[in-house]
Amino acid sequence: MCIKSEIKEKLLRKDDKINTAVLRRDWFRESELHQKIIDITSFLPNKVPLKERIFCILNDITERPKCQICDDFAVFLPKHNAGYSKTCSKQSCRSFISSDKRLQTNITKYGRKVSPKTIQKASERVSSLNQKGRATLKEKYGVSNPGQMHNHNSKVKKTLMERYGVDNIHSMPSS
Ligand SMILES: [Zn+2]
């Protein structure tokens, strides 16, 4: 039996959630399955919960996920099946991801109600990214500012063009 089916059969409940009571049982802790789970996920540090190891196995993750902004490791979220966060636990990395996401969400949700001030604010948040984040961007994408990334840039441009008929925040009419 493959390890995934073994996990599903022995450790998951009918709703696919991990049966945490089983994880605490002696028979399980001494079982071959327990050892296999640890061995297969030996890329994770010793202290991580078994839940995280099981998530990695079921999702074919073979190396410890990293933060998308810096080089630290991504946070494993305790919520069922949420998996890994996009970032590490640092506030600077978290706000970088969420400012971009919030900007996009507001545009979809509120359309014209997004004020130039809101866009300006989000842009300022993005530019307050810490030095380490910038170094990572430089290394990974050859840019020192997220605004220089092609994808980011064209998305923002497109939105500004649609809403305000200009392609950068500096040409926007003041409200
Ligand atoms: Zn980070």
# chains A, B, ... in the order shown; residues from 1 in each chain; ligands from 1
>>> residues_near_ligand(ligand="ligand 1", cutoff="8 Å", atoms="only C-alpha atoms and all ligand atoms", output="MDAnalysis selection string")
chainID A and resid 66:74 87:90 92:94 133
>>> write_last_selection(atoms="C-alpha atoms", output="CSV table (one decimal), in the first residue's frame")
chain,number,residue,atom,x,y,z
A,66,LYS,CA,9.8,29.3,1.6
A,67,CYS,CA,8.5,32.8,2.0
A,68,GLN,CA,7.7,34.4,-1.4
A,69,ILE,CA,9.4,37.6,-0.3
A,70,CYS,CA,12.5,36.7,1.7
A,71,ASP,CA,14.5,33.5,2.2
A,72,ASP,CA,12.9,32.5,5.5
A,73,PHE,CA,10.6,29.5,5.7
A,74,ALA,CA,6.9,29.9,5.1
A,87,THR,CA,5.1,34.2,3.6
A,88,CYS,CA,7.2,33.8,6.7
A,89,SER,CA,6.0,35.2,10.0
A,90,LYS,CA,7.6,38.7,9.6
A,92,SER,CA,7.1,43.2,6.5
A,93,CYS,CA,6.6,40.1,4.3
A,94,ARG,CA,3.0,39.6,5.3
A,133,GLY,CA,13.0,41.7,0.8
>>> residues_around(residues="Phe55 (chain A)", least_positions_apart="4", cutoff="7 Å", atoms="only C-alpha atoms", output="ChimeraX atom specification")
/A:51,59,83
>>> write_last_selection(atoms="C-alpha atoms", output="PDB file, in the first residue's frame")
ATOM      1  CA  LYS A  51       0.017  17.413  10.870  1.00  0.00           C
ATOM      2  CA  ASN A  59       0.412  17.263  -1.243  1.00  0.00           C
ATOM      3  CA  GLY A  83      -1.304  24.420   4.153  1.00  0.00           C
TER       4      GLY A  83
END
>>> closest_residue(among="A:Phe28, A:Tyr164, A:Tyr84, A:Phe43", to="Leu11 (chain A)", atoms="only C-alpha atoms")
A:Phe28
>>> closest_residue(among="A:Gln120, A:Ser42, A:Thr108, A:Asn81", to="Leu58 (chain A)", atoms="only C-alpha atoms")
A:Asn81
>>> residues_around(residues="Ile37 (chain A)", least_positions_apart="3", cutoff="12 Å", atoms="only C-alpha atoms", output="tab-separated table (two decimals) with N, CA and C atoms, in the first residue's frame")
chain	number	residue	atom	x	y	z
A	2	CYS	N	0.55	2.22	-0.81
A	2	CYS	CA	1.38	3.42	-0.82
A	2	CYS	C	1.11	4.25	0.42
A	3	ILE	N	2.09	5.05	0.75
A	3	ILE	CA	2.02	5.80	2.00
A	3	ILE	C	0.79	6.72	2.07
A	4	LYS	N	0.44	7.30	0.91
A	4	LYS	CA	-0.73	8.19	0.91
A	4	LYS	C	-2.02	7.44	1.27
A	6	GLU	N	-2.19	4.69	2.86
A	6	GLU	CA	-2.07	4.22	4.24
A	6	GLU	C	-2.46	5.35	5.22
A	7	ILE	N	-1.99	6.55	4.91
A	7	ILE	CA	-2.36	7.70	5.75
A	7	ILE	C	-3.87	7.91	5.70
A	11	LEU	N	-5.25	7.33	9.24
A	11	LEU	CA	-5.15	8.57	10.01
A	11	LEU	C	-6.19	9.63	9.70
A	23	LEU	N	-3.24	10.12	16.28
A	23	LEU	CA	-1.84	10.55	16.29
A	23	LEU	C	-1.21	10.45	17.67
A	28	PHE	N	0.27	3.93	17.38
A	28	PHE	CA	0.64	4.70	16.19
A	28	PHE	C	2.06	5.24	16.32
A	29	ARG	N	2.37	5.82	17.49
A	29	ARG	CA	3.70	6.42	17.68
A	29	ARG	C	4.81	5.38	17.54
A	30	GLU	N	4.48	4.13	17.81
A	30	GLU	CA	5.50	3.09	17.68
A	30	GLU	C	5.42	2.36	16.34
A	31	SER	N	4.49	2.79	15.50
A	31	SER	CA	4.27	2.06	14.25
A	31	SER	C	5.27	2.41	13.17
A	32	GLU	N	5.30	1.52	12.18
A	32	GLU	CA	6.17	1.71	11.03
A	32	GLU	C	5.70	2.94	10.23
A	33	LEU	N	4.39	3.12	10.20
A	33	LEU	CA	3.81	4.25	9.47
A	33	LEU	C	4.32	5.59	10.03
A	34	HIS	N	4.34	5.69	11.36
A	34	HIS	CA	4.83	6.90	12.02
A	34	HIS	C	6.28	7.17	11.61
A	40	ILE	N	10.15	10.30	5.45
A	40	ILE	CA	9.84	10.93	4.17
A	40	ILE	C	9.91	12.45	4.26
A	41	THR	N	9.58	12.98	5.43
A	41	THR	CA	9.57	14.44	5.58
A	41	THR	C	10.77	14.93	6.39
A	42	SER	N	11.90	14.25	6.24
A	42	SER	CA	13.09	14.63	7.02
A	42	SER	C	13.65	15.99	6.60
A	43	PHE	N	13.09	16.57	5.51
A	43	PHE	CA	13.50	17.94	5.14
A	43	PHE	C	12.92	18.97	6.10
A	44	LEU	N	11.98	18.54	6.93
A	44	LEU	CA	11.39	19.44	7.93
A	44	LEU	C	12.16	19.31	9.24
A	49	PRO	N	4.89	19.83	13.84
A	49	PRO	CA	3.84	18.86	14.17
A	49	PRO	C	3.63	17.83	13.07
A	50	LEU	N	3.15	16.68	13.48
A	50	LEU	CA	2.90	15.60	12.55
A	50	LEU	C	1.91	16.00	11.45
A	51	LYS	N	1.00	16.88	11.82
A	51	LYS	CA	0.02	17.41	10.87
A	51	LYS	C	0.70	18.03	9.65
A	52	GLU	N	1.77	18.79	9.92
A	52	GLU	CA	2.51	19.44	8.85
A	52	GLU	C	3.19	18.39	7.96
A	53	ARG	N	3.75	17.36	8.59
A	53	ARG	CA	4.41	16.29	7.83
A	53	ARG	C	3.38	15.58	6.93
A	54	ILE	N	2.22	15.29	7.51
A	54	ILE	CA	1.18	14.59	6.76
A	54	ILE	C	0.69	15.45	5.60
A	55	PHE	N	0.55	16.75	5.85
A	55	PHE	CA	0.12	17.65	4.78
A	55	PHE	C	1.13	17.61	3.63
A	56	CYS	N	2.41	17.64	3.96
A	56	CYS	CA	3.45	17.60	2.92
A	56	CYS	C	3.37	16.32	2.10
A	57	ILE	N	3.20	15.21	2.76
A	57	ILE	CA	3.13	13.93	2.04
A	57	ILE	C	1.90	13.90	1.14
A	58	LEU	N	0.76	14.27	1.67
A	58	LEU	CA	-0.47	14.22	0.87
A	58	LEU	C	-0.45	15.21	-0.30
>>> atom_distance(atom1="CA of Thr159 (chain A)", atom2="CA of Val143 (chain A)")
21.7 Å
>>> closest_residue(among="A:Ser95, A:His170, A:Val22, A:Asp60", to="Arg125 (chain A)", atoms="only C-alpha atoms")
A:Ser95
>>> select_by_dssp(residues="region 6-130 of chain A", states="strand (DSSP E or B)", output="list in words")
Leu12, Ile18, Lys66, Phe73, Phe76 and Tyr84 of chain A
>>> write_last_selection(atoms="C-alpha atoms", output="CSV table (one decimal), in the first residue's frame")
chain,number,residue,atom,x,y,z
A,12,LEU,CA,-7.9,10.5,8.3
A,18,ILE,CA,-6.7,14.2,10.4
A,66,LYS,CA,9.8,29.3,1.6
A,73,PHE,CA,10.6,29.5,5.7
A,76,PHE,CA,2.4,26.4,8.3
A,84,TYR,CA,1.5,27.0,4.0
